[in-house]
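Reproduced below: my_file-v9.cif, with mmCIF, C-alpha atoms.
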```
data_input
loop_
_atom_site.label_atom_id
_atom_site.label_comp_id
_atom_site.auth_asym_id
_atom_site.auth_seq_id
_atom_site.Cartn_x
_atom_site.Cartn_y
_atom_site.Cartn_z
CA MET A 1 -28.09 -44.59 102.62
CA THR A 2 -27.07 -47.69 104.51
CA PHE A 3 -27.90 -49.91 107.46
CA SER A 4 -25.55 -52.45 108.98
CA ILE A 5 -24.90 -54.67 111.96
CA VAL A 6 -21.51 -55.71 113.32
CA GLY A 7 -21.32 -58.78 115.56
CA PHE A 8 -19.07 -61.19 117.47
CA ASP A 9 -19.44 -64.85 118.41
CA PRO A 10 -17.42 -65.45 121.62
CA ILE A 11 -17.62 -69.24 121.31
CA GLU A 12 -16.52 -69.64 117.70
CA LYS A 13 -14.33 -66.50 117.78
CA GLU A 14 -15.93 -64.99 114.69
CA TRP A 15 -16.27 -61.30 113.82
CA GLY A 16 -18.60 -60.13 111.09
CA ILE A 17 -20.70 -57.49 109.34
CA ALA A 18 -23.95 -57.60 107.39
CA VAL A 19 -24.95 -54.50 105.42
CA GLN A 20 -27.51 -53.30 102.87
CA SER A 21 -27.67 -50.06 100.90
CA LYS A 22 -29.17 -48.21 97.96
CA PHE A 23 -25.63 -48.09 96.64
CA LEU A 24 -23.74 -50.16 94.06
CA GLY A 25 -21.43 -52.78 95.61
CA VAL A 26 -21.75 -51.78 99.27
CA GLY A 27 -19.57 -54.76 100.21
CA ALA A 28 -16.58 -53.04 98.62
CA VAL A 29 -16.88 -50.03 100.95
CA VAL A 30 -18.51 -50.67 104.33
CA PRO A 31 -17.24 -53.95 105.89
CA TRP A 32 -13.76 -54.48 107.33
CA ALA A 33 -12.66 -57.26 109.66
CA LYS A 34 -9.64 -59.21 110.86
CA ALA A 35 -9.64 -62.31 113.05
CA GLY A 36 -8.27 -61.53 116.50
CA ALA A 37 -8.68 -57.78 115.97
CA GLY A 38 -12.34 -56.99 115.35
CA ALA A 39 -14.83 -55.75 112.77
CA VAL A 40 -15.85 -52.36 111.42
CA ALA A 41 -18.72 -50.93 109.38
CA THR A 42 -17.90 -47.48 108.00
CA GLN A 43 -20.72 -45.65 106.19
CA SER A 44 -22.47 -42.32 105.48
CA TYR A 45 -19.92 -40.53 103.28
CA ALA A 46 -17.79 -43.45 104.36
CA ASN A 47 -14.20 -42.81 105.32
CA THR A 48 -12.71 -46.11 104.18
CA ALA A 49 -9.51 -45.31 106.07
CA TYR A 50 -11.51 -46.08 109.23
CA GLY A 51 -11.43 -49.79 108.35
CA PRO A 52 -7.70 -50.54 108.32
CA LYS A 53 -6.93 -47.90 110.97
CA ALA A 54 -9.49 -49.30 113.39
CA LEU A 55 -8.36 -52.87 112.88
CA GLN A 56 -4.75 -51.89 113.50
CA LEU A 57 -5.66 -50.07 116.72
CA MET A 58 -7.86 -52.91 118.01
CA GLU A 59 -5.20 -55.46 117.14
CA GLN A 60 -2.85 -53.43 119.35
CA GLY A 61 -5.29 -53.84 122.25
CA LYS A 62 -7.47 -50.73 121.99
CA SER A 63 -11.13 -51.19 122.85
CA ALA A 64 -13.84 -50.39 120.33
CA GLN A 65 -14.69 -47.16 122.16
CA GLU A 66 -11.05 -46.07 122.45
CA THR A 67 -10.56 -46.82 118.77
CA LEU A 68 -13.67 -44.87 117.81
CA GLU A 69 -12.51 -41.82 119.74
CA LEU A 70 -9.09 -41.91 118.07
CA LEU A 71 -10.63 -42.20 114.60
CA LEU A 72 -12.98 -39.30 115.16
CA ALA A 73 -10.29 -37.07 116.65
CA GLU A 74 -8.30 -37.33 113.41
CA ASP A 75 -11.23 -36.71 111.05
CA PRO A 76 -12.32 -33.09 110.39
CA ASP A 77 -15.46 -34.41 108.65
CA ARG A 78 -16.43 -36.74 111.51
CA GLU A 79 -19.95 -35.29 111.79
CA MET A 80 -20.69 -36.70 108.32
CA ARG A 81 -19.62 -40.22 109.33
CA GLN A 82 -21.36 -43.22 110.76
CA VAL A 83 -19.43 -46.21 112.07
CA GLY A 84 -19.97 -49.37 114.11
CA LEU A 85 -17.17 -51.40 115.69
CA ILE A 86 -16.61 -54.63 117.60
CA ASP A 87 -13.20 -55.12 119.21
CA ALA A 88 -11.16 -58.27 119.84
CA SER A 89 -13.13 -59.03 123.03
CA GLY A 90 -16.54 -58.36 121.47
CA ASN A 91 -17.09 -54.92 122.99
CA PRO A 92 -19.22 -52.67 120.73
CA ALA A 93 -19.17 -48.99 119.84
CA SER A 94 -21.27 -46.95 117.42
CA PHE A 95 -21.19 -43.33 116.25
CA THR A 96 -23.55 -41.22 114.15
CA GLY A 97 -22.40 -37.73 113.21
CA LYS A 98 -24.76 -34.78 113.49
CA ALA A 99 -24.53 -34.13 109.75
CA CYS A 100 -25.81 -37.60 108.74
CA TYR A 101 -29.12 -37.49 106.89
CA ASP A 102 -32.26 -38.40 108.85
CA TRP A 103 -33.20 -40.81 110.09
CA ALA A 104 -29.78 -41.75 111.36
CA GLY A 105 -28.66 -43.47 114.55
CA GLY A 106 -27.37 -46.62 116.17
CA LEU A 107 -27.73 -49.06 119.04
CA THR A 108 -25.25 -51.31 120.81
CA GLY A 109 -25.77 -54.41 122.90
CA SER A 110 -24.03 -57.59 123.94
CA HIS A 111 -21.51 -58.31 121.15
CA PHE A 112 -23.20 -56.16 118.48
CA ALA A 113 -23.50 -52.65 117.07
CA ALA A 114 -26.38 -51.75 114.72
CA GLN A 115 -26.61 -48.47 112.80
CA GLY A 116 -28.19 -46.84 109.78
CA ASN A 117 -28.77 -43.57 107.97
CA ILE A 118 -31.36 -42.19 105.54
CA LEU A 119 -33.86 -44.60 107.10
CA GLY A 120 -37.60 -44.15 107.41
CA ASP A 121 -37.31 -44.07 111.21
CA GLU A 122 -35.53 -45.69 114.15
CA GLU A 123 -37.50 -48.96 113.83
CA THR A 124 -35.01 -50.37 111.31
CA VAL A 125 -32.14 -50.23 113.80
CA GLN A 126 -34.33 -51.31 116.69
CA ALA A 127 -35.52 -54.35 114.72
CA MET A 128 -31.96 -55.33 113.84
CA ALA A 129 -30.92 -55.13 117.49
CA ARG A 130 -33.95 -57.06 118.70
CA VAL A 131 -33.73 -59.87 116.14
CA TYR A 132 -29.96 -60.25 116.49
CA THR A 133 -30.42 -60.74 120.23
CA GLU A 134 -33.35 -63.16 119.87
CA THR A 135 -31.96 -65.33 117.05
CA ASN A 136 -30.21 -68.60 117.84
CA GLY A 137 -27.60 -70.12 115.56
CA THR A 138 -24.33 -69.07 114.01
CA LEU A 139 -23.06 -65.51 113.72
CA ALA A 140 -24.03 -65.57 110.05
CA ASP A 141 -27.57 -66.68 110.95
CA LYS A 142 -27.90 -63.87 113.47
CA LEU A 143 -26.48 -61.16 111.19
CA LEU A 144 -28.63 -62.16 108.22
CA ALA A 145 -31.79 -62.44 110.32
CA ALA A 146 -31.11 -58.99 111.78
CA LEU A 147 -30.45 -57.44 108.37
CA ASP A 148 -33.62 -58.97 106.93
CA ALA A 149 -35.62 -57.70 109.89
CA GLY A 150 -34.20 -54.23 109.36
CA GLN A 151 -35.40 -54.24 105.78
CA GLU A 152 -38.83 -55.56 106.74
CA SER A 153 -39.10 -52.73 109.27
CA GLY A 154 -38.45 -50.01 106.74
CA GLY A 155 -34.83 -50.19 105.64
CA ASP A 156 -33.17 -47.60 103.45
CA SER A 157 -35.80 -44.95 102.66
CA ARG A 158 -34.46 -44.64 99.09
CA GLY A 159 -34.80 -48.34 98.25
CA LYS A 160 -32.62 -51.42 97.82
CA GLN A 161 -29.61 -52.27 95.66
CA SER A 162 -26.73 -54.17 97.27
CA ALA A 163 -25.88 -56.23 100.36
CA SER A 164 -22.91 -58.02 101.87
CA LEU A 165 -22.00 -60.57 104.54
CA TYR A 166 -18.39 -60.65 105.69
CA ILE A 167 -17.21 -62.90 108.56
CA VAL A 168 -13.66 -63.66 109.64
CA LYS A 169 -12.30 -66.51 111.73
CA GLU A 170 -8.73 -67.65 112.37
CA LYS A 171 -7.82 -70.07 109.54
CA GLY A 172 -11.49 -70.01 108.51
CA GLY A 173 -10.83 -69.30 104.83
CA TYR A 174 -10.75 -71.86 102.05
CA GLY A 175 -8.09 -74.44 102.83
CA GLY A 176 -7.34 -72.71 106.13
CA PHE A 177 -4.93 -70.29 104.47
CA ASN A 178 -6.56 -67.04 105.63
CA ASP A 179 -9.31 -65.73 107.92
CA ARG A 180 -11.92 -64.97 105.22
CA TYR A 181 -14.53 -67.38 106.55
CA ILE A 182 -17.59 -66.02 104.71
CA ASP A 183 -17.26 -63.29 102.09
CA LEU A 184 -20.45 -62.88 100.05
CA ARG A 185 -21.66 -59.89 98.07
CA VAL A 186 -24.73 -58.96 96.07
CA ASP A 187 -23.66 -55.86 94.17
CA ASP A 188 -26.83 -54.96 92.24
CA HIS A 189 -30.17 -56.71 92.74
CA PRO A 190 -33.83 -55.72 93.22
CA ASP A 191 -33.99 -57.71 96.48
CA PRO A 192 -30.38 -57.91 97.67
CA ILE A 193 -30.92 -59.26 101.19
CA LYS A 194 -33.04 -62.19 100.01
CA GLU A 195 -30.43 -62.90 97.33
CA LEU A 196 -27.67 -62.68 99.94
CA ILE A 197 -29.51 -65.23 102.11
CA ARG A 198 -29.89 -67.50 99.06
CA ILE A 199 -26.18 -67.47 98.20
CA TYR A 200 -25.28 -67.90 101.87
CA GLN A 201 -27.32 -71.10 101.87
CA LEU A 202 -25.36 -72.20 98.79
CA GLN A 203 -22.10 -71.32 100.52
CA GLN A 204 -23.08 -73.55 103.41
CA LEU A 205 -24.00 -76.35 101.04
CA TYR A 206 -20.62 -76.17 99.31
CA PHE A 207 -18.30 -75.47 102.21
CA ALA A 208 -19.89 -76.41 105.54
CA PRO A 209 -18.84 -79.81 106.90
CA SER A 210 -21.28 -82.70 106.67
CA LYS A 211 -23.54 -83.32 109.65
CA PRO A 212 -23.18 -86.91 110.94
CA GLU A 213 -26.95 -87.38 111.04
CA ARG A 214 -27.14 -86.51 107.32
CA ILE A 215 -24.67 -89.17 106.17
CA ALA A 216 -26.36 -92.28 104.76
CA GLU A 217 -25.23 -95.63 103.46
CA ILE A 218 -25.88 -96.08 99.75
CA LYS A 219 -28.50 -98.80 99.86
CA GLY A 220 -32.26 -99.24 99.56
CA GLU A 221 -34.22 -96.10 98.63
CA VAL A 222 -31.09 -93.92 98.81
CA LYS A 223 -29.37 -96.17 96.29
CA ASP A 224 -32.39 -96.21 93.97
CA ASP A 225 -32.68 -92.42 94.06
CA LEU A 226 -28.96 -91.99 93.48
CA ILE A 227 -28.94 -94.32 90.46
CA HIS A 228 -31.96 -92.51 88.97
CA HIS A 229 -30.47 -89.04 89.29
CA LEU A 230 -26.92 -89.98 88.27
CA THR A 231 -28.43 -91.58 85.16
CA ARG A 232 -30.67 -88.57 84.49
CA LEU A 233 -27.71 -86.23 84.77
CA GLY A 234 -25.53 -88.33 82.46
CA TYR A 235 -23.12 -89.81 84.99
CA LEU A 236 -24.41 -93.40 84.60
CA SER A 237 -25.36 -95.25 81.44
CA SER A 238 -25.84 -98.82 82.66
CA GLU A 239 -29.40 -99.79 83.54
CA ILE A 240 -28.17 -102.00 86.40
CA PRO A 241 -24.86 -100.49 87.46
CA SER A 242 -22.48 -102.20 89.82
CA ASN A 243 -21.66 -100.61 93.16
CA GLU A 244 -18.24 -99.71 91.79
CA GLU A 245 -19.85 -97.89 88.86
CA ILE A 246 -22.21 -96.03 91.19
CA PHE A 247 -19.44 -94.90 93.51
CA LYS A 248 -17.27 -93.82 90.57
CA ALA A 249 -20.14 -91.85 89.03
CA LEU A 250 -20.92 -90.21 92.38
CA THR A 251 -17.27 -89.17 92.78
CA ALA A 252 -17.31 -87.64 89.30
CA TYR A 253 -20.49 -85.71 90.14
CA ILE A 254 -19.10 -84.47 93.46
CA HIS A 255 -15.88 -83.23 91.86
CA THR A 256 -17.71 -81.61 88.95
CA GLU A 257 -20.07 -79.74 91.28
CA ASN A 258 -17.35 -78.77 93.82
CA PHE A 259 -18.83 -80.73 96.71
CA GLU A 260 -15.46 -82.08 97.90
CA MET A 261 -16.11 -80.77 101.44
CA ARG A 262 -19.07 -83.18 101.68
CA GLU A 263 -17.41 -86.22 100.09
CA GLN A 264 -17.70 -89.38 102.18
CA SER A 265 -15.92 -92.72 102.22
CA SER A 266 -16.93 -95.20 99.50
CA GLY A 267 -20.44 -96.52 100.04
CA PHE A 268 -21.79 -93.44 101.84
CA ILE A 269 -23.30 -90.13 100.77
CA ASP A 270 -24.17 -86.83 102.38
CA ILE A 271 -27.93 -86.55 101.87
CA GLU A 272 -27.53 -82.81 101.19
CA ILE A 273 -25.79 -83.77 97.93
CA LEU A 274 -28.63 -86.08 96.94
CA GLU A 275 -31.21 -83.38 97.74
CA TYR A 276 -29.30 -80.90 95.57
CA MET A 277 -29.04 -83.48 92.81
CA LYS A 278 -32.83 -83.93 92.80
CA LYS A 279 -33.29 -80.21 92.15
CA SER A 280 -30.71 -80.06 89.34
#
```

What would you get if you wrote out this structure as structure tokens?
Amino acid sequence: MTFSIVGFDPIEKEWGIAVQSKFLGVGAVVPWAKAGAGAVATQSYANTAYGPKALQLMEQGKSAQETLELLLAEDPDREMRQVGLIDASGNPASFTGKACYDWAGGLTGSHFAAQGNILGDEETVQAMARVYTETNGTLADKLLAALDAGQESGGDSRGKQSASLYIVKEKGGYGGFNDRYIDLRVDDHPDPIKELIRIYQLQQLYFAPSKPERIAEIKGEVKDDLIHHLTRLGYLSSEIPSNEEIFKALTAYIHTENFEMREQSSGFIDIEILEYMKKS
């Protein structure tokens, strides 16, 4: 009832999982990950004990394949399970039990494991593997592109309901206090992957650092646009505001909308904020 892809970025040291299912809140069941240890997708009558057990074993230095074999050896219902793993070094492993409902299977490649069950045919998994390999960009970009391709190629034969993207990175969480770099869930939606992509784009807007080429001085057309939209949104009341009033109003807007990660020194603005403001 589920298809997923587990991946690793060796440059950024990120581990992650993207998953979709005709199942309520799949993100609460399938994905498990820990920075420096690895990532796991456990599905098809999911044994959720696989998540923490696998992470503990991989953190101790076991490879994905060694970990998989240890998990299966302890599980009398292993033929009902499906699981994909990536270890601390990015090595993949995938298993599909003989009792999983057709179509069920998986593929592994360089730094990824893709798998699914109750699919129309093998094309869903093949598309995920192909698009993950061909896509440039961040781990999140690759995982989401692969998941979307899987859906476009058939997906879950029973339909769509929920999706999740979970990526860990050392000190990648909010404020650097944990490894929860990206943790997004769509628990019940008619088009969960598209909605997941939409909220991922919002997550990047709110939390990704500003790109230097997108930082502009507040003058000329930028200044005119900023004054217009700050006035329209109720942050400015003066028809000809001073620079100090503009900067104060912009700060108020940024803090109200939680754009602190994109806040610039006085007199400058991240154009992404202005573009968002225009759509508000």

Find the nearest atom pair between each residue of range 79-140 of chain A and range 164-171 of chain A for residues within 12 Å, count all atoms listed in the file, give distances in Å to one decimal, sort rows by chain and ascending number, and present the table as CSV.
```
residue,atom,partner,partner_atom,distance
A:Ala88,CA,A:Lys169,CA,11.6
A:Thr138,CA,A:Ile167,CA,10.9
A:Leu139,CA,A:Ile167,CA,8.2
A:Ala140,CA,A:Ile167,CA,7.5
```

Identify which of the residues A:Ala163, A:Ile182, A:Ile17, A:Ala216 lies closest to Glu195 in chain A, counting only C-alpha atoms when measuring atom-to-atom distances.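 Distance minimum relative to Glu195 in chain A lands on A:Ala163.
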
List the residues selected by the PyMOL selection byres ((chain A and resi 124) around 8) in the file shown, writing them as a VMD selection string. chain A and resid 116 119 to 123 125 to 128 149 to 155

Got a sec to resolve the PyMOL selection byres ((chain A and resi 39-56) around 8) on this structure and send the residues as an MDAnalysis selection string? chainID A and resid 1:2 4:7 15:17 29:34 37:38 57:60 67:68 71 80:87 100 117

Set the distance at 7 Å and use all atoms listed in the file: which residues neighbour Ile269 in chain A once local chain neighbours fewer than 4 positions away are removed? I'd like the list as a PyMOL selection string. chain A and resi 215-218+264

All residues 10 Å or closer to Ser210 in chain A, all atoms listed in the file, same chain fewer than 4 positions away omitted, as a list in words: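 Selected residues are Gln204, Leu205, Tyr206, Arg214, Ile215, Met261, Arg262, Glu263, Gln264, Ile269, Asp270, Ile271, Glu272 and Ile273 of chain A.
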
Could you list the residues chosen by the PyMOL selection byres ((chain A and resi 112) around 8) in this structure as a PyMOL selection string? chain A and resi 5-8+86+90-92+108-111+113-114+129

Write out the residues from the selection above, keeping C-alpha atoms, as a PDB file, keeping the file's coordinate frame.
```pdb
ATOM      1  CA  ILE A   5     -24.900 -54.670 111.960  1.00  0.00           C
ATOM      2  CA  VAL A   6     -21.510 -55.710 113.320  1.00  0.00           C
ATOM      3  CA  GLY A   7     -21.320 -58.780 115.560  1.00  0.00           C
ATOM      4  CA  PHE A   8     -19.070 -61.190 117.470  1.00  0.00           C
ATOM      5  CA  ILE A  86     -16.610 -54.630 117.600  1.00  0.00           C
ATOM      6  CA  GLY A  90     -16.540 -58.360 121.470  1.00  0.00           C
ATOM      7  CA  ASN A  91     -17.090 -54.920 122.990  1.00  0.00           C
ATOM      8  CA  PRO A  92     -19.220 -52.670 120.730  1.00  0.00           C
ATOM      9  CA  THR A 108     -25.250 -51.310 120.810  1.00  0.00           C
ATOM     10  CA  GLY A 109     -25.770 -54.410 122.900  1.00  0.00           C
ATOM     11  CA  SER A 110     -24.030 -57.590 123.940  1.00  0.00           C
ATOM     12  CA  HIS A 111     -21.510 -58.310 121.150  1.00  0.00           C
ATOM     13  CA  ALA A 113     -23.500 -52.650 117.070  1.00  0.00           C
ATOM     14  CA  ALA A 114     -26.380 -51.750 114.720  1.00  0.00           C
ATOM     15  CA  ALA A 129     -30.920 -55.130 117.490  1.00  0.00           C
TER      16      ALA A 129
END
```

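Coordinates place CA of Asp141 in chain A at a distance of 26.5 Å from CA of Trp103 in chain A.
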
What's around Thr251 in chain A at 12 Å? Count all atoms listed in the file, leave out sequence neighbours fewer than 4 positions away in its own chain, and write the answer as a ChimeraX atom specification. /A:230,235-236,244-247,255-260,262-269,273

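Relative to CA of Lys13 in chain A, CA of Ala208 in chain A is found at 16.7 Å.
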
Kindly reconstruct range 76-93 of chain A with N, CA, C and O atoms and present the result as a PDB file, in the frame of the given file.
```
ATOM      1  N   PRO A  76     -11.617 -34.380 110.337  1.00  0.00           N
ATOM      2  CA  PRO A  76     -12.320 -33.090 110.390  1.00  0.00           C
ATOM      3  C   PRO A  76     -13.772 -33.185 109.901  1.00  0.00           C
ATOM      4  O   PRO A  76     -14.581 -32.311 110.216  1.00  0.00           O
ATOM      5  N   ASP A  77     -14.103 -34.235 109.153  1.00  0.00           N
ATOM      6  CA  ASP A  77     -15.460 -34.410 108.650  1.00  0.00           C
ATOM      7  C   ASP A  77     -16.232 -35.474 109.443  1.00  0.00           C
ATOM      8  O   ASP A  77     -17.162 -36.095 108.933  1.00  0.00           O
ATOM      9  N   ARG A  78     -15.855 -35.655 110.711  1.00  0.00           N
ATOM     10  CA  ARG A  78     -16.430 -36.740 111.510  1.00  0.00           C
ATOM     11  C   ARG A  78     -17.945 -36.622 111.655  1.00  0.00           C
ATOM     12  O   ARG A  78     -18.623 -37.653 111.793  1.00  0.00           O
ATOM     13  N   GLU A  79     -18.510 -35.427 111.607  1.00  0.00           N
ATOM     14  CA  GLU A  79     -19.950 -35.290 111.790  1.00  0.00           C
ATOM     15  C   GLU A  79     -20.743 -35.809 110.597  1.00  0.00           C
ATOM     16  O   GLU A  79     -21.960 -35.948 110.669  1.00  0.00           O
ATOM     17  N   MET A  80     -20.048 -36.112 109.495  1.00  0.00           N
ATOM     18  CA  MET A  80     -20.690 -36.700 108.320  1.00  0.00           C
ATOM     19  C   MET A  80     -20.621 -38.225 108.347  1.00  0.00           C
ATOM     20  O   MET A  80     -21.219 -38.891 107.500  1.00  0.00           O
ATOM     21  N   ARG A  81     -19.887 -38.779 109.314  1.00  0.00           N
ATOM     22  CA  ARG A  81     -19.620 -40.220 109.330  1.00  0.00           C
ATOM     23  C   ARG A  81     -20.595 -40.984 110.214  1.00  0.00           C
ATOM     24  O   ARG A  81     -21.172 -40.447 111.164  1.00  0.00           O
ATOM     25  N   GLN A  82     -20.685 -42.273 109.878  1.00  0.00           N
ATOM     26  CA  GLN A  82     -21.360 -43.220 110.760  1.00  0.00           C
ATOM     27  C   GLN A  82     -20.504 -44.480 110.772  1.00  0.00           C
ATOM     28  O   GLN A  82     -20.011 -44.912 109.722  1.00  0.00           O
ATOM     29  N   VAL A  83     -20.313 -45.049 111.963  1.00  0.00           N
ATOM     30  CA  VAL A  83     -19.430 -46.210 112.070  1.00  0.00           C
ATOM     31  C   VAL A  83     -19.859 -47.090 113.230  1.00  0.00           C
ATOM     32  O   VAL A  83     -20.321 -46.598 114.259  1.00  0.00           O
ATOM     33  N   GLY A  84     -19.741 -48.402 113.043  1.00  0.00           N
ATOM     34  CA  GLY A  84     -19.970 -49.370 114.110  1.00  0.00           C
ATOM     35  C   GLY A  84     -18.752 -50.261 114.228  1.00  0.00           C
ATOM     36  O   GLY A  84     -18.152 -50.628 113.212  1.00  0.00           O
ATOM     37  N   LEU A  85     -18.365 -50.597 115.452  1.00  0.00           N
ATOM     38  CA  LEU A  85     -17.170 -51.400 115.690  1.00  0.00           C
ATOM     39  C   LEU A  85     -17.421 -52.478 116.732  1.00  0.00           C
ATOM     40  O   LEU A  85     -18.217 -52.291 117.651  1.00  0.00           O
ATOM     41  N   ILE A  86     -16.699 -53.585 116.574  1.00  0.00           N
ATOM     42  CA  ILE A  86     -16.610 -54.630 117.600  1.00  0.00           C
ATOM     43  C   ILE A  86     -15.128 -54.928 117.773  1.00  0.00           C
ATOM     44  O   ILE A  86     -14.415 -55.166 116.796  1.00  0.00           O
ATOM     45  N   ASP A  87     -14.632 -54.903 119.009  1.00  0.00           N
ATOM     46  CA  ASP A  87     -13.200 -55.120 119.210  1.00  0.00           C
ATOM     47  C   ASP A  87     -12.876 -56.601 119.406  1.00  0.00           C
ATOM     48  O   ASP A  87     -13.757 -57.472 119.288  1.00  0.00           O
ATOM     49  N   ALA A  88     -11.634 -56.887 119.730  1.00  0.00           N
ATOM     50  CA  ALA A  88     -11.160 -58.270 119.840  1.00  0.00           C
ATOM     51  C   ALA A  88     -11.901 -59.054 120.913  1.00  0.00           C
ATOM     52  O   ALA A  88     -12.037 -60.278 120.816  1.00  0.00           O
ATOM     53  N   SER A  89     -12.409 -58.364 121.936  1.00  0.00           N
ATOM     54  CA  SER A  89     -13.130 -59.030 123.030  1.00  0.00           C
ATOM     55  C   SER A  89     -14.640 -59.013 122.844  1.00  0.00           C
ATOM     56  O   SER A  89     -15.375 -59.512 123.706  1.00  0.00           O
ATOM     57  N   GLY A  90     -15.106 -58.414 121.743  1.00  0.00           N
ATOM     58  CA  GLY A  90     -16.540 -58.360 121.470  1.00  0.00           C
ATOM     59  C   GLY A  90     -17.237 -57.136 122.014  1.00  0.00           C
ATOM     60  O   GLY A  90     -18.466 -57.065 121.984  1.00  0.00           O
ATOM     61  N   ASN A  91     -16.476 -56.151 122.496  1.00  0.00           N
ATOM     62  CA  ASN A  91     -17.090 -54.920 122.990  1.00  0.00           C
ATOM     63  C   ASN A  91     -17.515 -54.049 121.809  1.00  0.00           C
ATOM     64  O   ASN A  91     -16.743 -53.866 120.864  1.00  0.00           O
ATOM     65  N   PRO A  92     -18.722 -53.463 121.852  1.00  0.00           N
ATOM     66  CA  PRO A  92     -19.220 -52.670 120.730  1.00  0.00           C
ATOM     67  C   PRO A  92     -19.046 -51.166 120.927  1.00  0.00           C
ATOM     68  O   PRO A  92     -18.906 -50.673 122.052  1.00  0.00           O
ATOM     69  N   ALA A  93     -19.096 -50.446 119.822  1.00  0.00           N
ATOM     70  CA  ALA A  93     -19.170 -48.990 119.840  1.00  0.00           C
ATOM     71  C   ALA A  93     -19.842 -48.555 118.545  1.00  0.00           C
ATOM     72  O   ALA A  93     -19.700 -49.213 117.512  1.00  0.00           O
TER      73      ALA A  93
END
```
